[in-house]
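So this one's work22.cif, mmCIF, C-alpha atoms:
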```
data_final
#
loop_
_atom_site.label_atom_id
_atom_site.label_comp_id
_atom_site.auth_asym_id
_atom_site.auth_seq_id
_atom_site.Cartn_x
_atom_site.Cartn_y
_atom_site.Cartn_z
CA MET A 1 -25.84 -28.93 -2.77
CA PHE A 2 -25.38 -26.29 -5.52
CA LYS A 3 -29.15 -25.97 -6.08
CA LYS A 4 -29.80 -25.79 -2.34
CA THR A 5 -27.17 -23.08 -1.93
CA LEU A 6 -28.71 -21.00 -4.73
CA ALA A 7 -32.14 -21.37 -3.14
CA ALA A 8 -30.78 -20.31 0.24
CA VAL A 9 -29.16 -17.23 -1.26
CA ALA A 10 -32.49 -16.32 -2.87
CA VAL A 11 -34.26 -16.61 0.50
CA LEU A 12 -31.61 -14.47 2.16
CA GLY A 13 -32.07 -11.93 -0.58
CA ALA A 14 -35.77 -11.72 0.22
CA PHE A 15 -34.89 -10.91 3.83
CA ALA A 16 -32.02 -8.50 3.30
CA GLY A 17 -32.21 -7.27 -0.27
CA SER A 18 -28.86 -8.83 -1.06
CA ALA A 19 -27.01 -11.92 0.07
CA MET A 20 -23.26 -12.20 0.18
CA ALA A 21 -22.94 -14.99 2.75
CA ALA A 22 -20.58 -17.79 1.84
CA ASN A 23 -21.53 -21.48 1.95
CA VAL A 24 -25.20 -20.98 2.91
CA THR A 25 -27.50 -24.00 2.73
CA LEU A 26 -31.28 -24.25 2.72
CA TYR A 27 -32.56 -27.51 4.28
CA GLY A 28 -35.69 -28.95 5.80
CA VAL A 29 -37.96 -31.87 6.71
CA VAL A 30 -41.62 -32.45 5.82
CA ASP A 31 -43.24 -35.28 7.78
CA ASN A 32 -46.85 -36.43 8.14
CA ALA A 33 -48.68 -39.60 9.15
CA LEU A 34 -52.12 -41.12 9.41
CA ASN A 35 -52.54 -41.87 13.09
CA TYR A 36 -54.84 -43.81 15.45
CA THR A 37 -54.78 -43.50 19.23
CA TYR A 38 -56.58 -45.42 21.95
CA LEU A 39 -57.04 -44.19 25.52
CA LYS A 40 -58.78 -45.74 28.50
CA ALA A 41 -58.52 -44.17 31.96
CA GLY A 42 -59.85 -46.28 34.82
CA SER A 43 -63.49 -47.27 34.45
CA ALA A 44 -64.26 -44.51 31.94
CA GLU A 45 -65.17 -45.42 28.38
CA SER A 46 -62.27 -45.72 25.97
CA LYS A 47 -61.58 -42.92 23.48
CA ASP A 48 -60.54 -43.63 19.92
CA THR A 49 -59.08 -40.91 17.70
CA TYR A 50 -58.27 -41.06 13.99
CA GLY A 51 -56.51 -38.32 12.07
CA MET A 52 -53.29 -36.84 10.78
CA LYS A 53 -50.20 -36.36 12.92
CA SER A 54 -47.78 -33.67 11.83
CA GLY A 55 -44.15 -34.48 12.53
CA ALA A 56 -44.85 -38.06 13.53
CA ALA A 57 -41.33 -39.40 13.00
CA ALA A 58 -39.41 -36.12 12.73
CA GLY A 59 -40.31 -32.52 13.50
CA ASN A 60 -41.27 -30.45 10.45
CA ARG A 61 -38.78 -27.67 9.80
CA TRP A 62 -36.98 -25.51 7.29
CA GLY A 63 -33.73 -23.75 7.96
CA LEU A 64 -30.69 -21.84 6.81
CA LYS A 65 -27.17 -22.56 7.90
CA GLY A 66 -23.79 -21.33 6.80
CA GLN A 67 -20.26 -20.57 7.85
CA GLU A 68 -17.26 -18.49 6.88
CA GLU A 69 -13.56 -19.28 7.19
CA LEU A 70 -11.93 -16.40 9.08
CA GLY A 71 -8.37 -17.70 8.88
CA ASN A 72 -6.01 -19.30 11.39
CA GLY A 73 -8.47 -22.16 11.84
CA LEU A 74 -11.28 -19.89 13.07
CA VAL A 75 -14.79 -20.34 11.64
CA ALA A 76 -17.88 -18.18 12.15
CA GLY A 77 -21.28 -19.70 11.45
CA PHE A 78 -25.00 -19.54 12.06
CA GLN A 79 -28.10 -21.70 12.05
CA LEU A 80 -31.68 -20.45 11.73
CA GLU A 81 -34.41 -23.09 11.91
CA SER A 82 -38.18 -22.64 11.75
CA GLY A 83 -40.78 -25.22 12.78
CA PHE A 84 -44.23 -25.73 11.26
CA THR A 85 -47.10 -28.22 11.23
CA SER A 86 -47.46 -30.03 7.92
CA ASP A 87 -51.16 -30.88 8.29
CA ASP A 88 -52.31 -27.23 8.38
CA GLY A 89 -49.23 -25.15 7.50
CA ARG A 90 -49.11 -23.22 10.79
CA SER A 91 -45.94 -22.01 12.48
CA ALA A 92 -44.84 -24.01 15.49
CA GLN A 93 -42.95 -23.02 18.66
CA ASP A 94 -45.48 -20.30 19.60
CA ASN A 95 -45.37 -18.76 16.11
CA ARG A 96 -41.71 -17.81 16.35
CA LEU A 97 -40.07 -17.39 12.96
CA PHE A 98 -36.98 -19.33 14.07
CA GLY A 99 -38.42 -21.09 17.09
CA ARG A 100 -36.32 -24.24 16.74
CA VAL A 101 -32.86 -22.66 16.48
CA ALA A 102 -31.47 -19.13 16.11
CA SER A 103 -27.79 -19.48 16.88
CA LEU A 104 -24.48 -17.82 16.05
CA TYR A 105 -21.18 -19.57 16.74
CA LEU A 106 -17.40 -19.38 16.60
CA LYS A 107 -15.36 -22.54 16.18
CA GLY A 108 -11.62 -23.07 16.36
CA GLY A 109 -8.84 -24.80 18.24
CA PHE A 110 -10.45 -23.72 21.51
CA GLY A 111 -13.67 -25.60 20.70
CA THR A 112 -17.08 -24.15 19.84
CA LEU A 113 -18.88 -21.22 21.45
CA ALA A 114 -22.53 -20.69 20.44
CA VAL A 115 -24.99 -18.01 21.56
CA GLY A 116 -28.71 -17.45 20.96
CA HIS A 117 -31.83 -19.64 21.01
CA ASP A 118 -31.16 -23.37 20.95
CA GLY A 119 -32.16 -26.73 22.38
CA ALA A 120 -31.36 -27.32 26.03
CA LEU A 121 -28.50 -29.77 26.54
CA VAL A 122 -30.89 -32.37 27.99
CA SER A 123 -33.61 -32.00 25.37
CA GLY A 124 -32.42 -33.89 22.31
CA LEU A 125 -33.45 -30.81 20.31
CA GLY A 126 -31.55 -28.09 18.49
CA SER A 127 -27.93 -28.13 17.37
CA VAL A 128 -25.97 -28.97 20.55
CA SER A 129 -27.91 -31.68 22.42
CA TYR A 130 -26.86 -35.33 22.13
CA ILE A 131 -28.42 -37.35 24.98
CA TYR A 132 -31.36 -38.73 22.95
CA GLN A 133 -28.90 -40.52 20.68
CA TYR A 134 -29.26 -43.25 23.32
CA ALA A 135 -33.00 -43.70 22.76
CA ALA A 136 -33.98 -45.81 19.75
CA PHE A 137 -36.69 -43.38 18.61
CA GLY A 138 -34.84 -40.21 19.56
CA THR A 139 -37.39 -37.50 20.32
CA GLY A 140 -39.89 -38.48 17.62
CA TRP A 141 -42.18 -41.28 16.45
CA GLY A 142 -45.67 -40.54 17.66
CA SER A 143 -46.88 -39.51 21.10
CA THR A 144 -46.44 -42.80 22.97
CA VAL A 145 -43.85 -44.90 21.14
CA GLY A 146 -40.57 -43.22 22.09
CA ALA A 147 -39.23 -42.45 25.53
CA GLN A 148 -39.77 -38.69 25.52
CA GLY A 149 -43.52 -38.69 24.95
CA LEU A 150 -44.65 -40.39 28.14
CA TYR A 151 -41.64 -41.45 30.17
CA ASN A 152 -38.65 -39.11 30.33
CA PHE A 153 -38.11 -36.02 32.45
CA GLY A 154 -37.09 -32.75 30.86
CA VAL A 155 -36.55 -29.57 32.79
CA GLN A 156 -36.29 -27.56 29.55
CA ASP A 157 -36.77 -28.17 25.84
CA ARG A 158 -35.39 -25.01 24.22
CA ALA A 159 -33.78 -21.98 25.85
CA ASP A 160 -33.51 -18.31 24.91
CA ASN A 161 -30.47 -16.18 25.76
CA ALA A 162 -28.30 -19.30 25.88
CA VAL A 163 -24.51 -19.61 25.83
CA THR A 164 -23.08 -23.04 24.99
CA TYR A 165 -19.44 -24.11 25.03
CA ILE A 166 -18.14 -27.40 23.59
CA THR A 167 -14.52 -28.42 24.04
CA PRO A 168 -12.35 -29.81 21.25
CA ASP A 169 -12.34 -33.59 20.81
CA PHE A 170 -9.91 -35.10 23.33
CA GLY A 171 -9.43 -38.62 21.96
CA GLY A 172 -13.17 -39.15 21.56
CA LEU A 173 -14.19 -37.12 24.64
CA LYS A 174 -16.08 -33.82 24.43
CA LEU A 175 -17.26 -31.71 27.37
CA TYR A 176 -20.29 -29.40 27.26
CA ALA A 177 -21.43 -26.42 29.32
CA GLN A 178 -24.62 -24.40 28.79
CA TYR A 179 -26.25 -21.47 30.56
CA SER A 180 -29.45 -19.60 29.74
CA PHE A 181 -29.90 -16.14 31.26
CA GLN A 182 -33.66 -16.41 30.62
CA THR A 183 -35.17 -19.60 29.26
CA ALA A 184 -38.34 -18.17 27.71
CA GLY A 185 -38.22 -14.52 26.78
CA GLN A 186 -36.37 -11.25 27.10
CA GLU A 187 -33.94 -11.03 30.00
CA LEU A 188 -35.02 -8.94 32.98
CA PRO A 189 -32.52 -6.53 34.59
CA ASP A 190 -32.54 -8.43 37.89
CA SER A 191 -31.26 -11.92 37.12
CA GLY A 192 -33.13 -13.25 40.16
CA ASP A 193 -36.40 -12.55 38.34
CA ASN A 194 -35.39 -14.73 35.38
CA THR A 195 -36.02 -18.44 34.93
CA ARG A 196 -32.47 -19.64 34.23
CA TYR A 197 -31.08 -22.96 33.04
CA ALA A 198 -27.62 -24.49 33.51
CA ALA A 199 -26.21 -27.81 32.32
CA LEU A 200 -22.94 -29.70 32.22
CA GLY A 201 -22.36 -32.69 29.98
CA ALA A 202 -19.83 -35.12 28.55
CA GLN A 203 -19.84 -37.52 25.63
CA TYR A 204 -17.28 -40.18 24.77
CA ILE A 205 -17.16 -42.06 21.45
CA ALA A 206 -14.72 -44.88 20.73
CA GLY A 207 -15.52 -46.75 17.52
CA PRO A 208 -18.82 -48.60 17.95
CA PHE A 209 -19.16 -47.56 21.62
CA SER A 210 -20.68 -44.27 22.76
CA THR A 211 -21.75 -42.91 26.14
CA GLY A 212 -23.04 -39.56 27.37
CA LEU A 213 -24.03 -37.75 30.57
CA VAL A 214 -25.97 -34.53 31.26
CA VAL A 215 -26.55 -32.92 34.67
CA ASP A 216 -28.84 -29.89 34.56
CA ASN A 217 -30.85 -27.51 36.72
CA LEU A 218 -33.72 -25.10 36.12
CA PHE A 219 -33.48 -22.08 38.43
CA LYS A 220 -36.92 -20.65 39.20
CA PRO A 221 -37.48 -16.99 40.12
CA THR A 222 -40.08 -17.79 42.81
CA ASP A 223 -39.91 -19.69 46.08
CA ALA A 224 -40.53 -22.95 44.19
CA ASP A 225 -37.76 -25.54 44.29
CA ASP A 226 -35.35 -25.70 41.38
CA GLN A 227 -35.81 -28.62 39.01
CA PHE A 228 -32.88 -31.01 38.74
CA THR A 229 -32.14 -34.01 36.50
CA VAL A 230 -29.33 -36.42 35.77
CA SER A 231 -29.45 -38.17 32.38
CA TYR A 232 -27.12 -40.97 31.26
CA GLY A 233 -27.00 -43.05 28.10
CA ALA A 234 -24.81 -45.57 26.30
CA SER A 235 -24.86 -47.53 23.04
CA TYR A 236 -22.86 -50.16 21.18
CA ASP A 237 -23.11 -50.89 17.47
CA PHE A 238 -22.64 -54.61 16.83
CA GLY A 239 -23.16 -54.20 13.08
CA VAL A 240 -26.16 -56.50 12.95
CA ALA A 241 -27.87 -54.27 15.55
CA LYS A 242 -27.19 -51.16 17.62
CA VAL A 243 -28.18 -51.60 21.27
CA MET A 244 -28.74 -48.59 23.53
CA GLY A 245 -30.03 -47.55 26.91
CA MET A 246 -30.91 -44.30 28.65
CA ALA A 247 -31.70 -43.59 32.33
CA GLN A 248 -32.79 -40.45 34.17
CA TYR A 249 -33.30 -39.26 37.73
CA GLY A 250 -35.40 -36.14 38.41
CA ASP A 251 -36.26 -34.11 41.51
CA HIS A 252 -38.87 -31.33 42.00
CA MET A 253 -40.21 -32.00 38.50
CA ASP A 254 -43.45 -30.40 37.30
CA ALA A 255 -44.34 -33.38 35.09
CA PHE A 256 -42.85 -36.34 33.28
CA GLY A 257 -42.86 -36.72 29.53
CA SER A 258 -44.11 -34.23 26.98
CA ASN A 259 -47.59 -35.80 26.95
CA THR A 260 -48.50 -35.87 30.65
CA ASP A 261 -51.86 -34.48 29.49
CA VAL A 262 -52.27 -37.72 27.58
CA LEU A 263 -52.51 -37.10 23.85
CA GLY A 264 -54.31 -33.80 24.50
CA LYS A 265 -57.47 -35.50 25.74
CA GLY A 266 -57.53 -34.00 29.21
CA VAL A 267 -56.41 -37.04 31.20
CA LYS A 268 -53.66 -35.83 33.51
CA LEU A 269 -51.47 -38.78 34.38
CA PHE A 270 -49.45 -37.13 37.12
CA LYS A 271 -48.35 -33.53 37.75
CA GLY A 272 -46.89 -31.64 40.68
CA ASP A 273 -43.69 -31.69 42.72
CA LEU A 274 -42.36 -35.00 41.42
CA LYS A 275 -39.34 -37.13 42.20
CA GLY A 276 -38.54 -40.27 40.28
CA TRP A 277 -36.55 -42.16 37.69
CA ASN A 278 -37.02 -43.73 34.30
CA LEU A 279 -35.28 -46.23 32.08
CA GLY A 280 -35.38 -46.97 28.37
CA LEU A 281 -33.75 -49.91 26.58
CA GLY A 282 -33.81 -50.15 22.82
CA ALA A 283 -32.21 -51.27 19.57
CA THR A 284 -32.10 -50.44 15.88
CA ALA A 285 -31.21 -52.92 13.17
CA PRO A 286 -31.14 -53.12 9.36
CA LEU A 287 -34.08 -55.15 8.09
CA ALA A 288 -35.26 -55.88 4.52
CA GLY A 289 -33.60 -52.80 3.08
CA GLY A 290 -34.88 -50.52 5.85
CA THR A 291 -34.41 -50.01 9.59
CA PHE A 292 -36.21 -51.64 12.51
CA TYR A 293 -36.67 -49.72 15.78
CA GLY A 294 -37.68 -51.14 19.16
CA GLN A 295 -37.74 -49.83 22.71
CA VAL A 296 -39.15 -50.63 26.15
CA ASN A 297 -39.63 -47.92 28.79
CA TYR A 298 -40.33 -47.79 32.52
CA VAL A 299 -41.02 -44.82 34.81
CA ALA A 300 -41.68 -44.52 38.56
CA VAL A 301 -42.55 -41.17 40.16
CA LYS A 302 -43.79 -39.84 43.51
CA ASN A 303 -45.54 -36.57 44.28
CA ASP A 304 -43.74 -35.19 47.35
CA VAL A 305 -46.69 -32.94 48.22
CA THR A 306 -49.56 -35.45 48.03
CA ASP A 307 -47.42 -38.59 48.56
CA LYS A 308 -49.12 -40.21 45.56
CA LYS A 309 -47.12 -42.73 43.58
CA LEU A 310 -47.33 -43.79 39.96
CA ASP A 311 -45.41 -46.19 37.78
CA GLY A 312 -45.79 -47.19 34.16
CA TYR A 313 -44.26 -49.12 31.32
CA GLY A 314 -44.42 -49.09 27.55
CA LEU A 315 -43.32 -50.79 24.36
CA GLY A 316 -42.66 -49.16 21.00
CA LEU A 317 -41.91 -50.69 17.59
CA GLY A 318 -41.21 -48.97 14.29
CA TYR A 319 -39.92 -49.53 10.78
CA GLY A 320 -38.62 -47.11 8.16
CA TYR A 321 -38.00 -47.93 4.51
CA PRO A 322 -36.12 -45.49 2.24
CA LEU A 323 -37.84 -44.87 -1.08
CA SER A 324 -34.86 -42.71 -2.03
CA LYS A 325 -31.96 -40.93 -0.31
CA ARG A 326 -34.36 -38.22 0.87
CA THR A 327 -37.78 -39.91 1.21
CA THR A 328 -38.73 -42.58 3.77
CA VAL A 329 -42.01 -44.35 4.43
CA PHE A 330 -42.45 -45.42 8.05
CA THR A 331 -44.84 -47.17 10.39
CA TYR A 332 -44.97 -47.44 14.17
CA GLY A 333 -46.99 -48.82 17.04
CA GLY A 334 -46.87 -48.38 20.78
CA TYR A 335 -48.61 -49.33 24.01
CA GLY A 336 -48.30 -47.91 27.52
CA GLN A 337 -49.92 -48.61 30.88
CA PHE A 338 -49.74 -46.44 33.99
CA LYS A 339 -51.06 -47.07 37.51
CA ASP A 340 -51.90 -44.52 40.19
CA LYS A 341 -51.13 -46.73 43.19
CA ALA A 342 -53.12 -44.72 45.73
CA ALA A 343 -56.32 -44.64 43.67
CA ASP A 344 -55.65 -48.05 42.11
CA VAL A 345 -56.52 -46.59 38.70
CA LYS A 346 -54.87 -47.73 35.48
CA THR A 347 -54.54 -45.66 32.31
CA LYS A 348 -53.96 -47.56 29.07
CA ILE A 349 -52.67 -45.91 25.90
CA GLY A 350 -52.16 -47.30 22.42
CA GLU A 351 -51.11 -45.79 19.10
CA VAL A 352 -50.32 -46.83 15.51
CA GLY A 353 -49.35 -44.76 12.52
CA LEU A 354 -48.25 -44.83 8.89
CA GLY A 355 -46.42 -41.89 7.36
CA LEU A 356 -43.91 -40.33 4.99
CA THR A 357 -40.82 -38.19 5.60
CA HIS A 358 -39.11 -36.10 2.94
CA LYS A 359 -35.83 -34.24 3.54
CA PHE A 360 -34.47 -31.49 1.34
#
```
Encoded form using structure tokens:
Amino acid sequence: MFKKTLAAVAVLGAFAGSAMAANVTLYGVVDNALNYTYLKAGSAESKDTYGMKSGAAAGNRWGLKGQEELGNGLVAGFQLESGFTSDDGRSAQDNRLFGRVASLYLKGGFGTLAVGHDGALVSGLGSVSYIYQYAAFGTGWGSTVGAQGLYNFGVQDRADNAVTYITPDFGGLKLYAQYSFQTAGQELPDSGDNTRYAALGAQYIAGPFSTGLVVDNLFKPTDADDQFTVSYGASYDFGVAKVMGMAQYGDHMDAFGSNTDVLGKGVKLFKGDLKGWNLGLGATAPLAGGTFYGQVNYVAVKNDVTDKKLDGYGLGLGYGYPLSKRTTVFTYGGYGQFKDKAADVKTKIGEVGLGLTHKF
């Protein structure tokens, strides 16, 4: 910790000429994998791709965080987090310096109030979201293995101009509220011209049991319908294994999953004004000195404009073995199959990978 604090102070000095912040920490993750993907859409020839995958198990990042005791139980703090791709060294999040998180907060007996750029409450990203704790692979592990890549709905990943409030812990229960005045850019004077985001959530933890709920809405500035989702998850740690499940309902969605354009190969599974639901069931367990991950997913959606229907399922398996407290070698494999019911066309997707994660 002492070395990391000194390094963080040096970085701050490069930005500001001097650094007098208390308790500042430099941290980060570097993650890369060798990856193979398989794709077959309908009667077309299959496509096989070999290469590197940056951030296969965890998003690459470096960041600064710190806080100051103000007295009377009040704490002021900040978090600045920058994303990058480890295979070519480029900045991520549209080349923003702190595209993952840029947040300032106050914390005390009243709870926590944070303002700035942060992950949306439903996203599983940033410093305030929690709902993907109920998916075995979280938001990572390849493009097809986890729930987020090809199955879950997300009205927003990160939001600019966001205000987030978290209540104190009431016997294991915390309540969340978040509002973004403009999700992707500078606020416009007329709030009706902004794309806004609002979410309410709750999480309850009692020993080995945990459950969480998020209800959110994306307000669009045009005549298009607002996007709406309900996300619920629960888990129980039995010691020998932690079992978890996550379910979502979405209405007026633009797409499902972060890889609707499947693995960047131009095959559009399903886009448009969508309504549907998805379900993920998974588990993690200690195994041979490491951790085993497994999850099954199902999604069913309907395009309200074209009346087309699609459903799909998938299976993901993974294993991580710690080489040290900060370095983990991991492997994963996944398979998914989707069917456009109207066209009677199936899309099959497979993926395997082997990689290394280092945290500092």
**Prompt:** Which one is closest to Leu106 of chain A: A:Gly73, A:Gly89, A:Gly289, A:Gly124? Count all atoms listed in the file.
**Reply:** A:Gly73
**Message:** Translate the PyMOL selection byres ((chain A and resi 191) around 12) into a concrete residue list for this structure, as number ranges by chain.
**Reply:** A: 180-183, 186-190, 192-197, 219-221
**Result set, the PyMOL selection byres ((chain A and resi 175) around 8) on current file, as a ChimeraX atom specification** = /A:166-167,173-174,176-177,200-203
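Residues in contact with Thr284 of chain A at 12 Å, where only C-alpha atoms are counted and same-chain residues fewer than 5 positions away are skipped, are listed as Gln133, Tyr134, Ala135, Ala136, Phe137, Gly138, Ser235, Tyr236, Asp237, Phe238, Gly239, Val240, Ala241, Lys242, Val243, Met244, Gly245, Gly290, Thr291, Phe292, Tyr293, Gly294, Gln295, Gly316, Leu317, Gly318, Tyr319 and Gly320 of chain A.
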Tell me, counting all atoms listed in the file, for each residue of segment 237-282 of chain A within 10 Å of segment 148-153 of chain A, which pair of atoms is nearest and how far apart they are in Å to one decimal, in rows ordered by chain and increasing number, as a tab-separated table.
```
residue	atom	partner	partner_atom	distance
A:Met246	CA	A:Asn152	CA	9.5
A:Ala247	CA	A:Asn152	CA	8.5
A:Gln248	CA	A:Asn152	CA	7.1
A:Tyr249	CA	A:Phe153	CA	7.8
A:Gly250	CA	A:Phe153	CA	6.5
A:Asp251	CA	A:Phe153	CA	9.4
A:Met253	CA	A:Phe153	CA	7.6
A:Asp254	CA	A:Phe153	CA	9.1
A:Ala255	CA	A:Phe153	CA	7.3
A:Phe256	CA	A:Phe153	CA	4.8
A:Gly257	CA	A:Leu150	CA	4.3
A:Ser258	CA	A:Gly149	CA	4.9
A:Asn259	CA	A:Gly149	CA	5.4
A:Thr260	CA	A:Leu150	CA	6.4
A:Asp261	CA	A:Leu150	CA	9.4
A:Val262	CA	A:Leu150	CA	8.1
A:Leu263	CA	A:Gly149	CA	9.2
A:Leu269	CA	A:Leu150	CA	9.4
A:Leu274	CA	A:Phe153	CA	10.0
A:Lys275	CA	A:Phe153	CA	9.9
A:Gly276	CA	A:Phe153	CA	8.9
A:Trp277	CA	A:Phe153	CA	8.2
A:Asn278	CA	A:Asn152	CA	6.3
A:Leu279	CA	A:Asn152	CA	8.1
A:Gly280	CA	A:Tyr151	CA	8.5
```
**Asked** Counting all atoms listed in the file, which of A:Gln337, A:Ala44, A:Ala184, A:Leu315 gets nearest to Val352 of chain A?
**Response** A:Leu315
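Compared by their closest atoms to Gly185 of chain A, and using only C-alpha atoms, the residues A:Gly109, A:Gly266, A:Gly272, A:Gly99 rank with A:Gly99 nearest.
The list of residues within 12 Å of (-13.8, -19.8, 6.9), counted using all atoms listed in the file, is Ala21, Ala22, Asn23, Gly66, Gln67, Glu68, Glu69, Leu70, Gly71, Asn72, Gly73, Leu74, Val75, Ala76, Gly77, Leu106, Lys107 and Gly108 of chain A.
The gap separating atom CA of Gly312 of chain A from atom CA of Glu351 of chain A is 16.0 Å, in Å to one decimal.
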